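Here is final.cif, consisting of mmCIF, C-alpha atoms:
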data_model
loop_
_atom_site.group_PDB
_atom_site.id
_atom_site.type_symbol
_atom_site.label_atom_id
_atom_site.label_comp_id
_atom_site.auth_asym_id
_atom_site.auth_seq_id
_atom_site.Cartn_x
_atom_site.Cartn_y
_atom_site.Cartn_z
ATOM 1 C CA MET A 718 23.135 -4.020 10.327
ATOM 2 C CA GLU A 719 20.014 -5.999 9.422
ATOM 3 C CA ASP A 720 18.435 -5.149 12.776
ATOM 4 C CA GLN A 721 19.140 -1.469 12.149
ATOM 5 C CA LYS A 722 17.509 -1.695 8.720
ATOM 6 C CA ILE A 723 14.358 -3.271 10.153
ATOM 7 C CA LEU A 724 14.179 -0.705 12.942
ATOM 8 C CA ARG A 725 14.682 2.135 10.456
ATOM 9 C CA LEU A 726 11.776 0.873 8.349
ATOM 10 C CA LYS A 727 9.568 0.452 11.426
ATOM 11 C CA LYS A 728 10.354 4.034 12.397
ATOM 12 C CA ILE A 729 9.507 5.318 8.910
ATOM 13 C CA ALA A 730 6.281 3.301 8.843
ATOM 14 C CA ASN A 731 5.254 4.916 12.115
ATOM 15 C CA ASP A 732 6.063 8.343 10.656
ATOM 16 C CA VAL A 733 3.856 7.426 7.693
ATOM 17 C CA ARG A 734 1.034 6.606 10.109
ATOM 18 C CA LEU A 735 1.460 9.921 11.903
ATOM 19 C CA SER A 736 1.213 11.661 8.536
ATOM 20 C CA ILE A 737 -1.914 9.685 7.631
ATOM 21 C CA ILE A 738 -3.680 10.950 10.758
ATOM 22 C CA GLU A 739 -2.535 14.513 10.057
ATOM 23 C CA GLU A 740 -3.742 14.341 6.445
ATOM 24 C CA VAL A 741 -7.200 13.000 7.204
ATOM 25 C CA TYR A 742 -7.673 15.231 10.247
ATOM 26 C CA ASN A 743 -6.716 18.380 8.321
ATOM 27 C CA ALA A 744 -9.006 17.425 5.448
ATOM 28 C CA LYS A 745 -11.865 16.497 7.795
ATOM 29 C CA SER A 746 -12.444 13.562 5.448
ATOM 30 C CA GLY A 747 -10.657 10.551 4.022
ATOM 31 C CA HIS A 748 -9.983 6.875 4.650
ATOM 32 C CA PRO A 749 -7.629 6.253 7.569
ATOM 33 C CA GLY A 750 -8.342 2.564 8.311
ATOM 34 C CA GLY A 751 -6.989 0.991 5.133
ATOM 35 C CA ALA A 752 -4.172 3.519 4.858
ATOM 36 C CA LEU A 753 -2.927 2.579 8.334
ATOM 37 C CA SER A 754 -3.127 -1.146 7.561
ATOM 38 C CA ALA A 755 -1.071 -0.694 4.382
ATOM 39 C CA ALA A 756 1.595 1.603 5.856
ATOM 40 C CA ASP A 757 4.231 -1.071 6.537
ATOM 41 C CA ILE A 758 4.008 -2.532 3.030
ATOM 42 C CA ILE A 759 4.115 0.846 1.288
ATOM 43 C CA THR A 760 7.054 1.897 3.470
ATOM 44 C CA CYS A 761 9.007 -1.218 2.491
ATOM 45 C CA LEU A 762 8.260 -0.578 -1.176
ATOM 46 C CA TYR A 763 9.385 3.047 -1.210
ATOM 47 C CA PHE A 764 12.286 2.847 1.217
ATOM 48 C CA ASP A 765 13.800 -0.541 0.382
ATOM 49 C CA GLU A 766 12.281 -2.635 -2.370
ATOM 50 C CA MET A 767 11.627 -0.484 -5.414
ATOM 51 C CA ASN A 768 14.210 0.891 -7.827
ATOM 52 C CA ILE A 769 13.102 4.534 -7.880
ATOM 53 C CA ASP A 770 14.571 8.027 -7.978
ATOM 54 C CA PRO A 771 12.413 10.813 -6.491
ATOM 55 C CA LYS A 772 14.462 13.367 -8.436
ATOM 56 C CA ASN A 773 13.644 11.583 -11.686
ATOM 57 C CA PRO A 774 10.104 10.239 -11.111
ATOM 58 C CA LEU A 775 9.489 9.405 -14.785
ATOM 59 C CA LEU A 776 12.676 7.387 -15.326
ATOM 60 C CA PRO A 777 11.723 4.699 -17.904
ATOM 61 C CA THR A 778 13.573 1.942 -16.051
ATOM 62 C CA ARG A 779 12.033 2.685 -12.643
ATOM 63 C CA ASP A 780 9.903 0.158 -10.808
ATOM 64 C CA ARG A 781 6.195 0.975 -10.801
ATOM 65 C CA PHE A 782 3.614 0.968 -8.024
ATOM 66 C CA VAL A 783 -0.138 1.134 -8.545
ATOM 67 C CA LEU A 784 -2.367 1.706 -5.525
ATOM 68 C CA SER A 785 -5.525 0.150 -6.929
ATOM 69 C CA LYS A 786 -7.334 0.797 -3.631
ATOM 70 C CA GLY A 787 -6.850 4.477 -4.275
ATOM 71 C CA HIS A 788 -8.813 5.681 -1.246
ATOM 72 C CA SER A 789 -5.831 4.584 0.898
ATOM 73 C CA CYS A 790 -3.679 7.252 -0.751
ATOM 74 C CA PRO A 791 -2.816 9.064 2.517
ATOM 75 C CA ALA A 792 -0.281 6.273 3.098
ATOM 76 C CA LEU A 793 1.109 6.624 -0.423
ATOM 77 C CA TYR A 794 1.409 10.407 -0.200
ATOM 78 C CA ALA A 795 3.124 10.185 3.189
ATOM 79 C CA ALA A 796 5.687 7.694 1.899
ATOM 80 C CA MET A 797 6.332 9.734 -1.237
ATOM 81 C CA ALA A 798 6.770 12.972 0.708
ATOM 82 C CA LEU A 799 9.114 11.380 3.232
ATOM 83 C CA ARG A 800 11.052 9.775 0.349
ATOM 84 C CA GLY A 801 11.534 13.192 -1.271
ATOM 85 C CA TYR A 802 9.071 13.299 -4.169
ATOM 86 C CA PHE A 803 7.546 16.535 -2.883
ATOM 87 C CA ASP A 804 7.658 18.778 0.161
ATOM 88 C CA VAL A 805 5.949 17.340 3.240
ATOM 89 C CA SER A 806 4.019 20.611 3.634
ATOM 90 C CA GLU A 807 1.806 19.437 0.739
ATOM 91 C CA LEU A 808 0.386 16.755 3.026
ATOM 92 C CA LYS A 809 -1.460 19.473 4.942
ATOM 93 C CA LYS A 810 -3.381 20.228 1.742
ATOM 94 C CA PHE A 811 -4.714 16.686 1.359
ATOM 95 C CA ARG A 812 -8.122 16.747 -0.344
ATOM 96 C CA HIS A 813 -8.047 20.545 -0.639
ATOM 97 C CA LEU A 814 -9.062 22.198 -3.908
ATOM 98 C CA GLY A 815 -6.070 22.532 -6.235
ATOM 99 C CA SER A 816 -3.807 20.298 -4.138
ATOM 100 C CA ILE A 817 -1.431 17.734 -5.671
ATOM 101 C CA THR A 818 -2.553 15.359 -2.899
ATOM 102 C CA SER A 819 -6.072 14.732 -4.110
ATOM 103 C CA GLY A 820 -8.584 12.295 -2.629
ATOM 104 C CA HIS A 821 -7.398 9.563 -4.975
ATOM 105 C CA PRO A 822 -4.009 9.267 -6.751
ATOM 106 C CA ASP A 823 -3.889 11.301 -9.967
ATOM 107 C CA MET A 824 -0.912 10.814 -12.278
ATOM 108 C CA LYS A 825 -1.766 14.015 -14.159
ATOM 109 C CA ILE A 826 -1.164 16.269 -11.175
ATOM 110 C CA LEU A 827 1.529 14.424 -9.203
ATOM 111 C CA LYS A 828 4.695 13.091 -10.820
ATOM 112 C CA GLY A 829 5.593 9.787 -9.278
ATOM 113 C CA ILE A 830 2.057 8.400 -9.383
ATOM 114 C CA ASP A 831 2.294 5.609 -11.942
ATOM 115 C CA MET A 832 -1.443 5.179 -12.459
ATOM 116 C CA SER A 833 -4.500 7.138 -11.401
ATOM 117 C CA ALA A 834 -6.880 5.114 -9.247
ATOM 118 C CA GLY A 835 -10.350 5.428 -7.851
ATOM 119 C CA SER A 836 -12.821 2.972 -9.327
ATOM 120 C CA LEU A 837 -11.987 -0.283 -7.578
ATOM 121 C CA GLY A 838 -10.540 -3.087 -9.693
ATOM 122 C CA GLN A 839 -9.190 -0.922 -12.487
ATOM 123 C CA GLY A 840 -5.759 -0.281 -10.988
ATOM 124 C CA PHE A 841 -4.921 -3.977 -11.018
ATOM 125 C CA SER A 842 -5.819 -4.263 -14.717
ATOM 126 C CA CYS A 843 -3.660 -1.236 -15.487
ATOM 127 C CA ALA A 844 -0.763 -2.772 -13.564
ATOM 128 C CA CYS A 845 -1.045 -5.886 -15.714
ATOM 129 C CA GLY A 846 -0.742 -3.702 -18.800
ATOM 130 C CA ILE A 847 2.294 -1.908 -17.362
ATOM 131 C CA ALA A 848 3.975 -5.249 -16.635
ATOM 132 C CA LEU A 849 3.190 -6.573 -20.112
ATOM 133 C CA ALA A 850 4.608 -3.377 -21.640
ATOM 134 C CA ALA A 851 7.901 -4.041 -19.843
ATOM 135 C CA LYS A 852 8.031 -7.491 -21.418
ATOM 136 C CA ILE A 853 7.276 -6.121 -24.881
ATOM 137 C CA ASP A 854 9.825 -3.295 -24.524
ATOM 138 C CA LYS A 855 12.394 -5.676 -23.011
ATOM 139 C CA LEU A 856 12.810 -3.537 -19.880
ATOM 140 C CA ASP A 857 13.559 -5.152 -16.539
ATOM 141 C CA TYR A 858 11.503 -2.944 -14.240
ATOM 142 C CA ARG A 859 9.040 -4.579 -11.858
ATOM 143 C CA THR A 860 5.425 -3.583 -11.269
ATOM 144 C CA TYR A 861 3.847 -3.730 -7.827
ATOM 145 C CA VAL A 862 0.123 -3.286 -7.268
ATOM 146 C CA MET A 863 -1.947 -3.249 -4.087
ATOM 147 C CA ILE A 864 -5.624 -4.109 -3.867
ATOM 148 C CA GLY A 865 -7.939 -4.358 -0.881
ATOM 149 C CA ASP A 866 -9.694 -7.561 0.121
ATOM 150 C CA GLY A 867 -13.032 -5.789 -0.310
ATOM 151 C CA GLU A 868 -11.850 -4.751 -3.751
ATOM 152 C CA SER A 869 -11.350 -8.422 -4.639
ATOM 153 C CA GLN A 870 -15.139 -8.683 -4.845
ATOM 154 C CA GLU A 871 -14.888 -6.889 -8.202
ATOM 155 C CA GLY A 872 -15.091 -9.252 -11.190
ATOM 156 C CA GLN A 873 -12.396 -7.247 -12.965
ATOM 157 C CA ILE A 874 -9.883 -8.464 -10.356
ATOM 158 C CA TRP A 875 -10.298 -12.042 -11.487
ATOM 159 C CA GLU A 876 -10.141 -11.165 -15.184
ATOM 160 C CA ALA A 877 -6.804 -9.467 -14.512
ATOM 161 C CA THR A 878 -5.677 -12.490 -12.484
ATOM 162 C CA MET A 879 -6.335 -14.736 -15.478
ATOM 163 C CA PHE A 880 -4.619 -12.284 -17.843
ATOM 164 C CA ALA A 881 -1.425 -12.020 -15.766
ATOM 165 C CA ALA A 882 -1.049 -15.787 -15.503
ATOM 166 C CA HIS A 883 -1.700 -16.311 -19.218
ATOM 167 C CA TYR A 884 1.037 -13.849 -20.188
ATOM 168 C CA LYS A 885 3.438 -15.206 -17.534
ATOM 169 C CA LEU A 886 3.987 -11.784 -15.966
ATOM 170 C CA ASP A 887 6.712 -12.752 -13.510
ATOM 171 C CA ASN A 888 7.637 -9.063 -13.279
ATOM 172 C CA LEU A 889 4.280 -8.383 -11.596
ATOM 173 C CA CYS A 890 3.705 -8.556 -7.841
ATOM 174 C CA LEU A 891 0.175 -8.200 -6.483
ATOM 175 C CA ILE A 892 -0.300 -7.383 -2.797
ATOM 176 C CA ILE A 893 -3.668 -7.982 -1.136
ATOM 177 C CA ASP A 894 -4.172 -5.784 1.917
ATOM 178 C CA ASN A 895 -6.186 -8.435 3.742
ATOM 179 C CA ASN A 896 -7.441 -6.472 6.758
ATOM 180 C CA GLY A 897 -10.792 -8.254 6.712
ATOM 181 C CA LEU A 898 -12.966 -5.130 6.774
ATOM 182 C CA GLN A 899 -14.648 -2.877 4.239
ATOM 183 C CA ILE A 900 -17.003 0.067 4.499
ATOM 184 C CA ASP A 901 -20.065 -2.125 5.135
ATOM 185 C CA GLY A 902 -18.458 -4.478 7.662
ATOM 186 C CA LYS A 903 -16.557 -7.758 7.505
ATOM 187 C CA VAL A 904 -15.492 -8.815 4.018
ATOM 188 C CA LYS A 905 -16.532 -12.408 4.748
ATOM 189 C CA ASP A 906 -20.061 -11.210 5.547
ATOM 190 C CA VAL A 907 -20.481 -8.757 2.654
ATOM 191 C CA MET A 908 -19.168 -11.194 0.033
ATOM 192 C CA ASN A 909 -16.604 -13.777 1.035
ATOM 193 C CA THR A 910 -13.661 -13.905 -1.367
ATOM 194 C CA MET A 911 -11.517 -16.319 0.633
ATOM 195 C CA PRO A 912 -9.469 -18.484 0.364
ATOM 196 C CA TYR A 913 -7.061 -16.394 -1.677
ATOM 197 C CA ALA A 914 -4.089 -18.754 -1.830
ATOM 198 C CA SER A 915 -5.924 -21.695 -3.408
ATOM 199 C CA LYS A 916 -7.813 -19.436 -5.811
ATOM 200 C CA PHE A 917 -4.677 -17.718 -7.110
ATOM 201 C CA LYS A 918 -2.830 -21.040 -7.334
ATOM 202 C CA SER A 919 -5.658 -22.396 -9.479
ATOM 203 C CA PHE A 920 -5.067 -19.489 -11.873
ATOM 204 C CA GLY A 921 -1.339 -20.339 -12.040
ATOM 205 C CA TRP A 922 0.084 -17.758 -9.648
ATOM 206 C CA ASN A 923 2.931 -18.019 -7.167
ATOM 207 C CA THR A 924 1.361 -17.367 -3.751
ATOM 208 C CA ILE A 925 2.922 -16.086 -0.521
ATOM 209 C CA SER A 926 1.020 -15.539 2.728
ATOM 210 C CA ILE A 927 2.441 -13.188 5.380
ATOM 211 C CA ASP A 928 1.729 -10.903 8.305
ATOM 212 C CA GLY A 929 1.440 -7.652 6.394
ATOM 213 C CA ASN A 930 2.364 -5.560 9.422
ATOM 214 C CA ASN A 931 5.637 -7.440 9.964
ATOM 215 C CA ILE A 932 8.566 -5.731 8.234
ATOM 216 C CA GLU A 933 10.772 -8.834 8.157
ATOM 217 C CA GLN A 934 8.056 -10.920 6.528
ATOM 218 C CA ILE A 935 7.272 -8.197 3.992
ATOM 219 C CA LEU A 936 10.904 -7.937 2.870
ATOM 220 C CA SER A 937 11.214 -11.726 2.658
ATOM 221 C CA ALA A 938 8.071 -11.940 0.548
ATOM 222 C CA PHE A 939 9.375 -9.351 -1.926
ATOM 223 C CA LYS A 940 12.608 -11.343 -2.222
ATOM 224 C CA GLN A 941 10.670 -14.545 -2.934
ATOM 225 C CA ALA A 942 8.539 -12.736 -5.512
ATOM 226 C CA LYS A 943 11.644 -11.651 -7.408
ATOM 227 C CA GLU A 944 12.911 -15.213 -7.478
ATOM 228 C CA ALA A 945 9.693 -16.646 -8.963
ATOM 229 C CA LYS A 946 10.037 -17.171 -12.710
ATOM 230 C CA GLY A 947 7.397 -17.786 -15.351
ATOM 231 C CA LYS A 948 4.408 -16.720 -13.258
ATOM 232 C CA PRO A 949 3.155 -13.647 -11.389
ATOM 233 C CA THR A 950 3.252 -13.508 -7.590
ATOM 234 C CA VAL A 951 0.539 -12.571 -5.123
ATOM 235 C CA ILE A 952 1.426 -11.626 -1.545
ATOM 236 C CA ILE A 953 -1.576 -12.208 0.707
ATOM 237 C CA ALA A 954 -0.839 -9.795 3.534
ATOM 238 C CA LYS A 955 -2.932 -10.247 6.681
ATOM 239 C CA THR A 956 -3.108 -6.798 8.249
ATOM 240 C CA ILE A 957 -4.930 -4.876 10.965
ATOM 241 C CA LYS A 958 -7.276 -2.164 9.794
ATOM 242 C CA GLY A 959 -6.435 1.059 11.635
ATOM 243 C CA LYS A 960 -3.066 -0.381 12.730
ATOM 244 C CA GLY A 961 -1.317 1.702 15.396
ATOM 245 C CA VAL A 962 -4.310 3.701 16.617
ATOM 246 C CA SER A 963 -5.986 2.073 19.605
ATOM 247 C CA TYR A 964 -9.618 2.900 18.894
ATOM 248 C CA MET A 965 -9.353 2.393 15.119
ATOM 249 C CA GLU A 966 -7.862 -1.108 15.091
ATOM 250 C CA ASN A 967 -10.233 -3.716 13.622
ATOM 251 C CA VAL A 968 -13.172 -1.283 13.583
ATOM 252 C CA ALA A 969 -14.948 -1.115 10.215
ATOM 253 C CA SER A 970 -16.447 2.321 10.836
ATOM 254 C CA TRP A 971 -12.970 3.841 10.538
ATOM 255 C CA HIS A 972 -12.821 2.840 6.892
ATOM 256 C CA GLY A 973 -13.839 6.288 5.704
ATOM 257 C CA LYS A 974 -14.127 9.058 8.264
ATOM 258 C CA ALA A 975 -11.871 11.590 9.935
ATOM 259 C CA PRO A 976 -11.168 11.813 13.668
ATOM 260 C CA ASN A 977 -12.524 14.731 15.656
ATOM 261 C CA ASP A 978 -10.239 16.881 17.819
ATOM 262 C CA GLU A 979 -10.242 14.506 20.781
ATOM 263 C CA GLN A 980 -9.811 11.404 18.628
ATOM 264 C CA TYR A 981 -7.031 13.082 16.682
ATOM 265 C CA GLN A 982 -5.065 13.736 19.879
ATOM 266 C CA ILE A 983 -5.498 10.151 21.070
ATOM 267 C CA ALA A 984 -4.244 8.870 17.713
ATOM 268 C CA ILE A 985 -1.204 11.152 17.790
ATOM 269 C CA ASN A 986 -0.465 10.101 21.378
ATOM 270 C CA ASP A 987 -0.724 6.404 20.442
ATOM 271 C CA LEU A 988 1.686 6.772 17.547
ATOM 272 C CA ASN A 989 4.086 9.024 19.459
ATOM 273 C CA ALA A 990 4.250 6.347 22.167
ATOM 274 C CA ILE A 991 5.251 3.801 19.517
ATOM 275 C CA ALA A 992 7.839 6.244 18.163
ATOM 276 C CA LYS A 993 9.331 6.699 21.626
ATOM 277 C CA LYS A 994 9.718 2.944 22.111
ATOM 278 C CA LEU A 995 11.344 2.589 18.696
ATOM 279 C CA ASP A 996 13.732 5.451 19.437
ATOM 280 C CA GLU A 997 14.774 3.762 22.670
ATOM 281 C CA VAL A 998 15.485 0.486 20.878
ATOM 282 C CA ILE A 999 17.325 2.247 18.041
ATOM 283 C CA GLU A 1000 19.485 4.108 20.557
ATOM 284 C CA TYR A 1001 20.289 0.813 22.307
ATOM 285 C CA VAL A 1002 21.185 -0.961 19.044
#

Could you write out this file's structure as structure tokens?
Amino acid sequence: MEDQKILRLKKIANDVRLSIIEEVYNAKSGHPGGALSAADIITCLYFDEMNIDPKNPLLPTRDRFVLSKGHSCPALYAAMALRGYFDVSELKKFRHLGSITSGHPDMKILKGIDMSAGSLGQGFSCACGIALAAKIDKLDYRTYVMIGDGESQEGQIWEATMFAAHYKLDNLCLIIDNNGLQIDGKVKDVMNTMPYASKFKSFGWNTISIDGNNIEQILSAFKQAKEAKGKPTVIIAKTIKGKGVSYMENVASWHGKAPNDEQYQIAINDLNAIAKKLDEVIEYV
């Protein structure tokens, strides 16, 4: 049964990636690289880890997710649509005027978005406030927040890190999408923010390092985060930017541009090939 669960999540994550390509291609703009790297983590959150109800997206006791690196929202929208928050047809309107799937998550126009995001660094601070509110209100929901490694260059990230440790927010789980690339190139060349584990430990955090494109490791990390008491947890997830698309993987220039017609077809073919292999394994199991 566990193997079937892992395979199911891998299949959904690949469907999320297919949707990401469709969204950005139809919009002729967007940020595919970081959305593709984050797809496995977001899939695990929405289809296994979080206590949520798409039919009741504002349930007070629900778990919260804040995508602080809001430009990677194609992955979030795909997961939400596939989970049943809204009709998948809305994905075709990504970044179109009047669409609920805007260029960055907007809680005012899409129920199920727990915090609007855009300016890097702010989403993490908001997530800290959401987690503190749960403590004050004596509610047991958990708050998950994802930042990018390039985003960790923002000073606000480290203020929030200090805040969360001071208030012992053990209901907060930070995920760093550590794909090593940002719009201007390698994170270590633009402004090196490594090593994450020792830095967060020095602030008093529980730290977990994983392969962020490995479903088993992601699920294990979330389990460990729940078990940590008295301190917040950071999951340092080493990922591949552009994961799943041959010509996008580990290429910084795919941070923020859409594929042309030929590139779109290659991407779809790459991901359909992965889907076919997964289907064969699922059928065997």

May I have a table of the residues of stretch 750-811 of chain A lying at most 10 Å from stretch 877-897 of chain A, giving each one's closest pair of atoms and their distance in Å to one decimal, counting only C-alpha atoms, ordered by chain and ascending residue number, as a tab-separated table?
residue	atom	partner	partner_atom	distance
A:Gly750	CA	A:Asn896	CA	9.2
A:Gly751	CA	A:Asn896	CA	7.7
A:Ala752	CA	A:Asp894	CA	9.8
A:Ser754	CA	A:Asn896	CA	6.9
A:Ala755	CA	A:Asp894	CA	6.4
A:Ile758	CA	A:Ile892	CA	8.7
A:Asp780	CA	A:Asn888	CA	9.8
A:Arg781	CA	A:Leu889	CA	9.6
A:Phe782	CA	A:Cys890	CA	9.5
A:Val783	CA	A:Leu891	CA	9.6
A:Leu784	CA	A:Ile892	CA	9.7
A:Lys786	CA	A:Asp894	CA	9.2

So that I can see what lies close to stretch 723-732 of chain A, please list as a compact mmCIF listing (two decimals) with C-alpha atoms, keeping the file's coordinate frame the residues with an atom at most 10 Å from it, counting all atoms listed in the file and leaving out residues fewer than 4 positions away in the same chain.
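In the end it all went to part_3.txt:
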# COMPACT_ATOMS: atom_id res chain seq x y z
CA MET A 718 23.14 -4.02 10.33
CA GLU A 719 20.01 -6.00 9.42
CA SER A 736 1.21 11.66 8.54
CA ILE A 737 -1.91 9.68 7.63
CA LEU A 753 -2.93 2.58 8.33
CA ALA A 755 -1.07 -0.69 4.38
CA ALA A 756 1.60 1.60 5.86
CA ASP A 757 4.23 -1.07 6.54
CA ILE A 758 4.01 -2.53 3.03
CA ILE A 759 4.12 0.85 1.29
CA THR A 760 7.05 1.90 3.47
CA CYS A 761 9.01 -1.22 2.49
CA PHE A 764 12.29 2.85 1.22
CA ASP A 765 13.80 -0.54 0.38
CA ALA A 792 -0.28 6.27 3.10
CA ALA A 795 3.12 10.18 3.19
CA ALA A 796 5.69 7.69 1.90
CA LEU A 799 9.11 11.38 3.23
CA ARG A 800 11.05 9.78 0.35
CA ASN A 930 2.36 -5.56 9.42
CA ASN A 931 5.64 -7.44 9.96
CA ILE A 932 8.57 -5.73 8.23
CA GLU A 933 10.77 -8.83 8.16
CA LEU A 936 10.90 -7.94 2.87
CA LYS A 960 -3.07 -0.38 12.73
CA GLY A 961 -1.32 1.70 15.40
CA LEU A 988 1.69 6.77 17.55
CA ASN A 989 4.09 9.02 19.46
CA ILE A 991 5.25 3.80 19.52
CA ALA A 992 7.84 6.24 18.16
CA LYS A 993 9.33 6.70 21.63
CA LYS A 994 9.72 2.94 22.11
CA LEU A 995 11.34 2.59 18.70
CA ASP A 996 13.73 5.45 19.44
CA VAL A 998 15.48 0.49 20.88
CA ILE A 999 17.32 2.25 18.04
CA VAL A 1002 21.18 -0.96 19.04

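When the distance limit is 9 Å and all atoms listed in the file are what count, the residues near A:Ile925, minus those fewer than 2 positions from it on the same chain, are Ala914, Asn923, Ile927, Ala938, Gln941, Ala942, Thr950, Val951, Ile952, Ile953 and Ala954 of chain A.
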
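Closest approach to A:Ala848 among A:Ile957, A:Lys828, A:Arg779, A:Gly801: A:Arg779, based on all atoms listed in the file.
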
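For the structure in this document, the set picked by the PyMOL selection byres ((chain A and resi 984) around 9) is Leu735, Ile738, Gly961, Val962, Ser963, Tyr964, Met965, Pro976, Glu979, Gln980, Tyr981, Gln982, Ile983, Ile985, Asn986, Asp987, Leu988 and Asn989 of chain A.
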
Restricting to only C-alpha atoms, whichever of A:Asn773, A:Asn967, A:Gln934, A:Thr956 is closest to A:Asp866 is A:Thr956

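From atom CA of A:Glu868 back to atom CA of A:Leu837, the distance works out to 5.9 Å.
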
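For the pair atom CA of A:Lys958 and atom CA of A:Met863, the separation is 14.9 Å.
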
Once you count all atoms listed in the file, which residues end up no further than 8 Å from (-4.9, 5.9, -11.8) in the file's frame, shown as a PyMOL selection string?
-> chain A and resi 783-785+787+822-824+830-835+840
